[in-house]
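Peer 1: The structure under discussion is supplied below as structure tokens; questions concerning it will follow.
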Amino acid sequence: MLAGMWGVLFLAVLPIVEAQTPPGINQNAAPAPSLNKSEFSLDDPASLWVIVNKTRRLPEGYIPGDLVVPRVRLQLSPKAERMHVRQVAAGPLQDLFEAAHDAGFDLELLSGYRSEAYQKKIYDKYVKKLKSRAEIASARPGYSEHQTGLAVDLDRDRDLRCLAMPCFAAMPEAKWLADHAHEFGFIVRYEKNKEAITGYEYEPWHLRYVGKDLAAELFLTHQTMEEFFDVAATPANSTAAIPKK
């Protein structure tokens with residue numbers, strides 16, 4: 001009986017040791033939610049996630065119903081067609097410009113929305129100048145993301161040396177956009193080494209607004225919209241003019 005009492009007393013004075021969480025693990029962190037791929041339509045031209053590429057055309061003559069002029073540095077007059085974007089992208093674009101400025105980079109909006117008619121003029125100029133390479137440098141009318149009002153081309157403010165040219169990739173502004181655009185819901189739509197999927201050359205100046213959730217997912221997984229949603233990529237012959245690296 002006495003031995004049993006001593007055993008109880010001995011156990012009573014033993015220190016209580018709490019289970020230890022392995023280093024680097026946040027015990028209170030919530031599990032990362034999976035992105036609902038069906039949250040938005042990929043086909044509706046007004047959808048935030050609409051996919052427009054060489055095999056996916058917009059409805060003929062499509063014009064977004066909520067085009068506005070964002071309060072950012074503009075290359076042209078606010079009256080110009082391509083100085084407009086959809087309202088849903090205007091606020092995030094303004095936030096992106098402000099953050100870039102705070103980081104020491106002043107950006108300029110080169111092109112936002114483009115009508116199908118305007119895109120035809122651009123494409124025809126590329127064909128005349130680049131011949132077959134126009135297919136990887138410019139979208140055919142009706143197949144341009146710019147027509148959605150969710151895509152923008154940016155450049156360093158008041159600096160035309162690398163205006164929509166490959167040399168823009170070497171500028172610190174391009175590096176900042178690549179690293180931070182997703183924080184505001186934008187992605188670099190035509191990435192390097194993804195030409196066989198997107199059908200276009202690397203365009204570090206071309207951003208597409210998709211919302212923060214999808215932008216973060218694509219940034220972290222290094223995927224294009226085509227890869228993430230497993231939709232039709234570009235025709236087999238559309239990248240024939242892309243120079244071999």
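Each chain in the structure tokens gets a letter, A, B, ..., in the order shown, and its residues are numbered from 1; ligands are numbered from 1 in order too.
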Write out as a list in words which residues come within 9 Å of Glu116 (chain A) when counting only C-alpha atoms, dropping same-chain ones fewer than 5 positions away.
Peer 2: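 Once the adjacent positions are removed, what remains is Glu60, Gly61, Tyr62, Ile63, Lys121, Arg140, Pro141, Gly142, Tyr143, Ser144 and Gln147 of chain A.
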Peer 1: Would you return as a list in words the members of region 106-172 of chain A that DSSP assigns to strand (DSSP E or B) on this structure's backbone?
Peer 2: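 Here is the list: Leu107, Glu108, Leu109, Leu110, Ser111, Ala151, Val152, Asp153, Leu154, Asp155 and Arg156 of chain A.
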Peer 1: So that I can see what lies close to Leu67 (chain A), please list as a ChimeraX atom specification the residues with an atom at most 8 Å from it, counting only C-alpha atoms and leaving out residues fewer than 3 positions away in the same chain.
Peer 2: /A:64,84-87,149
Peer 1: With C-alpha atoms retained, write the just-selected residues as a compact mmCIF listing (two decimals), in the first residue's frame.
Peer 2:
```
# COMPACT_ATOMS: atom_id res chain seq x y z
CA PRO A 64 -16.66 45.24 -73.10
CA HIS A 84 -9.10 52.20 -71.57
CA VAL A 85 -9.37 49.01 -69.51
CA ARG A 86 -12.27 47.20 -67.92
CA GLN A 87 -13.40 48.67 -64.64
CA GLY A 149 -10.10 45.03 -71.82
```
Peer 1: Considering only C-alpha atoms, state which residue in the set A:His146, A:His222, A:Lys131, A:Lys175 is at the smallest distance from Glu191 (chain A).
Peer 2: A:His222
Peer 1: Name the residues in contact with Leu48 (chain A) at a cut-off of 9 Å, using only C-alpha atoms, excluding same-chain residues fewer than 3 positions from it; report them as a list of chain:residue names.
Peer 2: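 Near Leu48 (chain A), the qualifying residues are A:Phe40, A:Ser41, A:Leu42, A:Asp44, A:Pro45, A:Val88, A:Leu150, A:Tyr209, A:Val210, A:Gly211.
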Peer 1: Those same residues - C-alpha atoms - I'd like them written as a JSON list (two decimals), in the first residue's frame.
Peer 2:
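Output file out01.json follows:
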```
[["chain", "number", "residue", "atom", "x", "y", "z"],
["A", 40, "PHE", "CA", -15.39, 31.75, -63.76],
["A", 41, "SER", "CA", -16.13, 30.82, -67.36],
["A", 42, "LEU", "CA", -13.24, 30.34, -69.77],
["A", 44, "ASP", "CA", -17.64, 34.04, -71.77],
["A", 45, "PRO", "CA", -15.85, 37.13, -73.19],
["A", 88, "VAL", "CA", -12.58, 45.47, -62.74],
["A", 150, "LEU", "CA", -8.21, 42.86, -69.32],
["A", 209, "TYR", "CA", -5.65, 40.70, -65.20],
["A", 210, "VAL", "CA", -7.11, 37.45, -63.79],
["A", 211, "GLY", "CA", -7.61, 38.33, -60.11]]
```
Peer 1: I'd like the contact shell of region 213-219 of chain A - 12 Å cut-off, only C-alpha atoms, skipping same-chain residues fewer than 2 positions apart - returned as a PyMOL selection string.
Peer 2: chain A and resi 32-40+48-49+177-189+191+207-211+221-229
Peer 1: What does the file look like for those residues with N, CA and C atoms, as a tab-separated table (two decimals), in the first residue's frame?
Peer 2:
```
chain	number	residue	atom	x	y	z
A	32	ALA	N	-3.98	25.34	-47.25
A	32	ALA	CA	-4.15	26.17	-48.43
A	32	ALA	C	-5.38	25.72	-49.22
A	33	PRO	N	-6.33	26.65	-49.47
A	33	PRO	CA	-7.53	26.26	-50.20
A	33	PRO	C	-7.19	25.97	-51.66
A	34	SER	N	-7.86	25.01	-52.23
A	34	SER	CA	-7.64	24.71	-53.63
A	34	SER	C	-8.48	25.64	-54.48
A	35	LEU	N	-7.93	26.08	-55.59
A	35	LEU	CA	-8.61	27.03	-56.45
A	35	LEU	C	-9.71	26.32	-57.22
A	36	ASN	N	-10.90	26.88	-57.20
A	36	ASN	CA	-12.03	26.32	-57.93
A	36	ASN	C	-11.92	26.73	-59.40
A	37	LYS	N	-11.53	25.81	-60.24
A	37	LYS	CA	-11.29	26.12	-61.65
A	37	LYS	C	-12.57	26.47	-62.42
A	38	SER	N	-13.71	26.18	-61.83
A	38	SER	CA	-14.97	26.49	-62.51
A	38	SER	C	-15.63	27.75	-61.96
A	39	GLU	N	-14.88	28.51	-61.16
A	39	GLU	CA	-15.45	29.72	-60.55
A	39	GLU	C	-15.88	30.73	-61.61
A	40	PHE	N	-15.07	30.84	-62.66
A	40	PHE	CA	-15.39	31.75	-63.76
A	40	PHE	C	-15.33	30.99	-65.08
A	48	LEU	N	-13.74	36.98	-66.08
A	48	LEU	CA	-12.40	37.35	-65.60
A	48	LEU	C	-11.35	36.36	-66.09
A	49	TRP	N	-11.75	35.12	-66.32
A	49	TRP	CA	-10.80	34.08	-66.72
A	49	TRP	C	-10.94	33.66	-68.18
A	177	LEU	N	7.99	43.77	-62.39
A	177	LEU	CA	6.67	43.29	-62.83
A	177	LEU	C	6.59	41.77	-62.73
A	178	ALA	N	7.65	41.09	-63.16
A	178	ALA	CA	7.66	39.62	-63.11
A	178	ALA	C	7.53	39.12	-61.68
A	179	ASP	N	8.13	39.85	-60.73
A	179	ASP	CA	8.13	39.41	-59.33
A	179	ASP	C	6.89	39.84	-58.55
A	180	HIS	N	6.23	40.92	-58.99
A	180	HIS	CA	5.18	41.50	-58.14
A	180	HIS	C	3.81	41.66	-58.81
A	181	ALA	N	3.71	41.48	-60.10
A	181	ALA	CA	2.42	41.70	-60.77
A	181	ALA	C	1.31	40.85	-60.18
A	182	HIS	N	1.64	39.61	-59.79
A	182	HIS	CA	0.62	38.71	-59.25
A	182	HIS	C	0.01	39.21	-57.96
A	183	GLU	N	0.74	40.05	-57.24
A	183	GLU	CA	0.23	40.58	-55.98
A	183	GLU	C	-0.97	41.49	-56.21
A	184	PHE	N	-1.13	41.93	-57.44
A	184	PHE	CA	-2.24	42.83	-57.79
A	184	PHE	C	-3.24	42.16	-58.75
A	185	GLY	N	-3.06	40.86	-58.96
A	185	GLY	CA	-4.00	40.12	-59.80
A	185	GLY	C	-3.62	40.01	-61.26
A	186	PHE	N	-2.38	40.40	-61.60
A	186	PHE	CA	-1.93	40.35	-62.99
A	186	PHE	C	-0.90	39.23	-63.19
A	187	ILE	N	-0.82	38.73	-64.39
A	187	ILE	CA	0.22	37.76	-64.76
A	187	ILE	C	0.95	38.25	-66.00
A	188	VAL	N	2.20	37.84	-66.15
A	188	VAL	CA	2.90	38.05	-67.42
A	188	VAL	C	2.36	36.96	-68.33
A	189	ARG	N	1.53	37.34	-69.26
A	189	ARG	CA	0.75	36.35	-70.03
A	189	ARG	C	1.61	35.51	-70.97
A	191	GLU	N	5.06	34.21	-71.33
A	191	GLU	CA	6.31	34.04	-70.60
A	191	GLU	C	7.43	33.46	-71.46
A	207	LEU	N	0.75	42.32	-69.62
A	207	LEU	CA	0.13	41.75	-68.43
A	207	LEU	C	-1.35	41.48	-68.68
A	208	ARG	N	-1.85	40.47	-68.01
A	208	ARG	CA	-3.27	40.12	-68.10
A	208	ARG	C	-3.86	40.06	-66.69
A	209	TYR	N	-5.00	40.72	-66.50
A	209	TYR	CA	-5.65	40.70	-65.20
A	209	TYR	C	-6.53	39.46	-65.09
A	210	VAL	N	-6.32	38.66	-64.03
A	210	VAL	CA	-7.11	37.45	-63.79
A	210	VAL	C	-7.61	37.38	-62.35
A	211	GLY	N	-7.26	38.37	-61.53
A	211	GLY	CA	-7.61	38.33	-60.11
A	211	GLY	C	-6.47	37.74	-59.29
A	221	THR	N	3.13	28.22	-59.53
A	221	THR	CA	3.28	26.95	-60.25
A	221	THR	C	3.96	27.11	-61.61
A	222	HIS	N	4.26	28.36	-61.97
A	222	HIS	CA	4.94	28.65	-63.24
A	222	HIS	C	4.16	28.07	-64.43
A	223	GLN	N	2.86	28.29	-64.43
A	223	GLN	CA	2.02	27.78	-65.51
A	223	GLN	C	1.38	28.92	-66.29
A	224	THR	N	1.06	28.63	-67.54
A	224	THR	CA	0.24	29.53	-68.34
A	224	THR	C	-1.21	29.21	-68.06
A	225	MET	N	-2.10	30.04	-68.55
A	225	MET	CA	-3.53	29.76	-68.39
A	225	MET	C	-3.90	28.47	-69.12
A	226	GLU	N	-3.29	28.26	-70.28
A	226	GLU	CA	-3.57	27.04	-71.05
A	226	GLU	C	-3.18	25.79	-70.27
A	227	GLU	N	-2.03	25.83	-69.62
A	227	GLU	CA	-1.57	24.68	-68.85
A	227	GLU	C	-2.45	24.44	-67.64
A	228	PHE	N	-2.76	25.49	-66.91
A	228	PHE	CA	-3.51	25.34	-65.67
A	228	PHE	C	-4.92	24.81	-65.93
A	229	PHE	N	-5.57	25.33	-66.96
A	229	PHE	CA	-6.94	24.93	-67.25
A	229	PHE	C	-7.03	23.78	-68.25
```
Peer 1: What is the distance between CA of Ala151 (chain A) and CA of Gly112 (chain A), in Å to one decimal?
Peer 2: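 Between CA of Ala151 (chain A) and CA of Gly112 (chain A) the gap is 5.8 Å.
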Peer 1: Report the residues of region 132-175 of chain A whose backbone DSSP state falls under alpha helix (DSSP H), written as number ranges by chain.
Peer 2: A: 134-137, 172-175
Peer 1: Could the residues in this selection be written to a file with N, CA and C atoms, as an mmCIF file, in the first residue's frame?
Peer 2:
```cif
data_model
loop_
_atom_site.group_PDB
_atom_site.id
_atom_site.type_symbol
_atom_site.label_atom_id
_atom_site.label_comp_id
_atom_site.auth_asym_id
_atom_site.auth_seq_id
_atom_site.Cartn_x
_atom_site.Cartn_y
_atom_site.Cartn_z
ATOM 1 N N ALA A 134 5.046 37.538 -88.082
ATOM 2 C CA ALA A 134 3.954 38.314 -87.504
ATOM 3 C C ALA A 134 3.076 37.439 -86.629
ATOM 4 N N GLU A 135 3.029 36.152 -86.924
ATOM 5 C CA GLU A 135 2.165 35.236 -86.170
ATOM 6 C C GLU A 135 2.578 35.096 -84.713
ATOM 7 N N ILE A 136 3.842 35.306 -84.414
ATOM 8 C CA ILE A 136 4.299 35.172 -83.028
ATOM 9 C C ILE A 136 4.479 36.522 -82.347
ATOM 10 N N ALA A 137 4.277 37.595 -83.121
ATOM 11 C CA ALA A 137 4.464 38.936 -82.574
ATOM 12 C C ALA A 137 3.151 39.691 -82.393
ATOM 13 N N PRO A 172 15.010 46.970 -65.155
ATOM 14 C CA PRO A 172 14.577 46.614 -63.794
ATOM 15 C C PRO A 172 13.062 46.638 -63.639
ATOM 16 N N GLU A 173 12.373 47.451 -64.457
ATOM 17 C CA GLU A 173 10.910 47.488 -64.408
ATOM 18 C C GLU A 173 10.319 46.132 -64.769
ATOM 19 N N ALA A 174 10.920 45.468 -65.758
ATOM 20 C CA ALA A 174 10.431 44.155 -66.172
ATOM 21 C C ALA A 174 10.627 43.134 -65.067
ATOM 22 N N LYS A 175 11.761 43.204 -64.391
ATOM 23 C CA LYS A 175 12.041 42.298 -63.279
ATOM 24 C C LYS A 175 11.032 42.523 -62.155
#
```
Peer 1: May I ask for the distance between CA of Val152 (chain A) and CA of Ser111 (chain A), given in Å to one decimal place?
Peer 2: 5.6 Å
Peer 1: Region 71-81 of chain A: which residues within 7 Å, counting only C-alpha atoms, same-chain residues fewer than 2 positions away excluded, as a PDB file with C-alpha atoms, in the first residue's frame?
Peer 2:
```pdb
ATOM      1  CA  VAL A  69      -9.706  55.228 -68.176  1.00  0.00           C
ATOM      2  CA  MET A  83      -6.085  54.063 -72.946  1.00  0.00           C
ATOM      3  CA  HIS A  84      -9.101  52.199 -71.571  1.00  0.00           C
ATOM      4  CA  GLN A  94      -3.661  51.798 -60.246  1.00  0.00           C
ATOM      5  CA  PHE A  97       1.473  51.606 -60.595  1.00  0.00           C
ATOM      6  CA  LEU A 107       5.471  52.984 -65.482  1.00  0.00           C
ATOM      7  CA  GLU A 108       3.345  54.063 -68.408  1.00  0.00           C
ATOM      8  CA  LEU A 109       0.280  52.493 -70.024  1.00  0.00           C
ATOM      9  CA  LEU A 110       0.984  51.871 -73.691  1.00  0.00           C
ATOM     10  CA  TYR A 113      -8.378  47.788 -74.801  1.00  0.00           C
ATOM     11  CA  ARG A 114      -8.155  47.446 -78.573  1.00  0.00           C
TER      12      ARG A 114
END
```
Peer 1: How far is it from CA of Pro204 (chain A) to CA of Ala139 (chain A), in Å with one decimal?
Peer 2: 16.1 Å
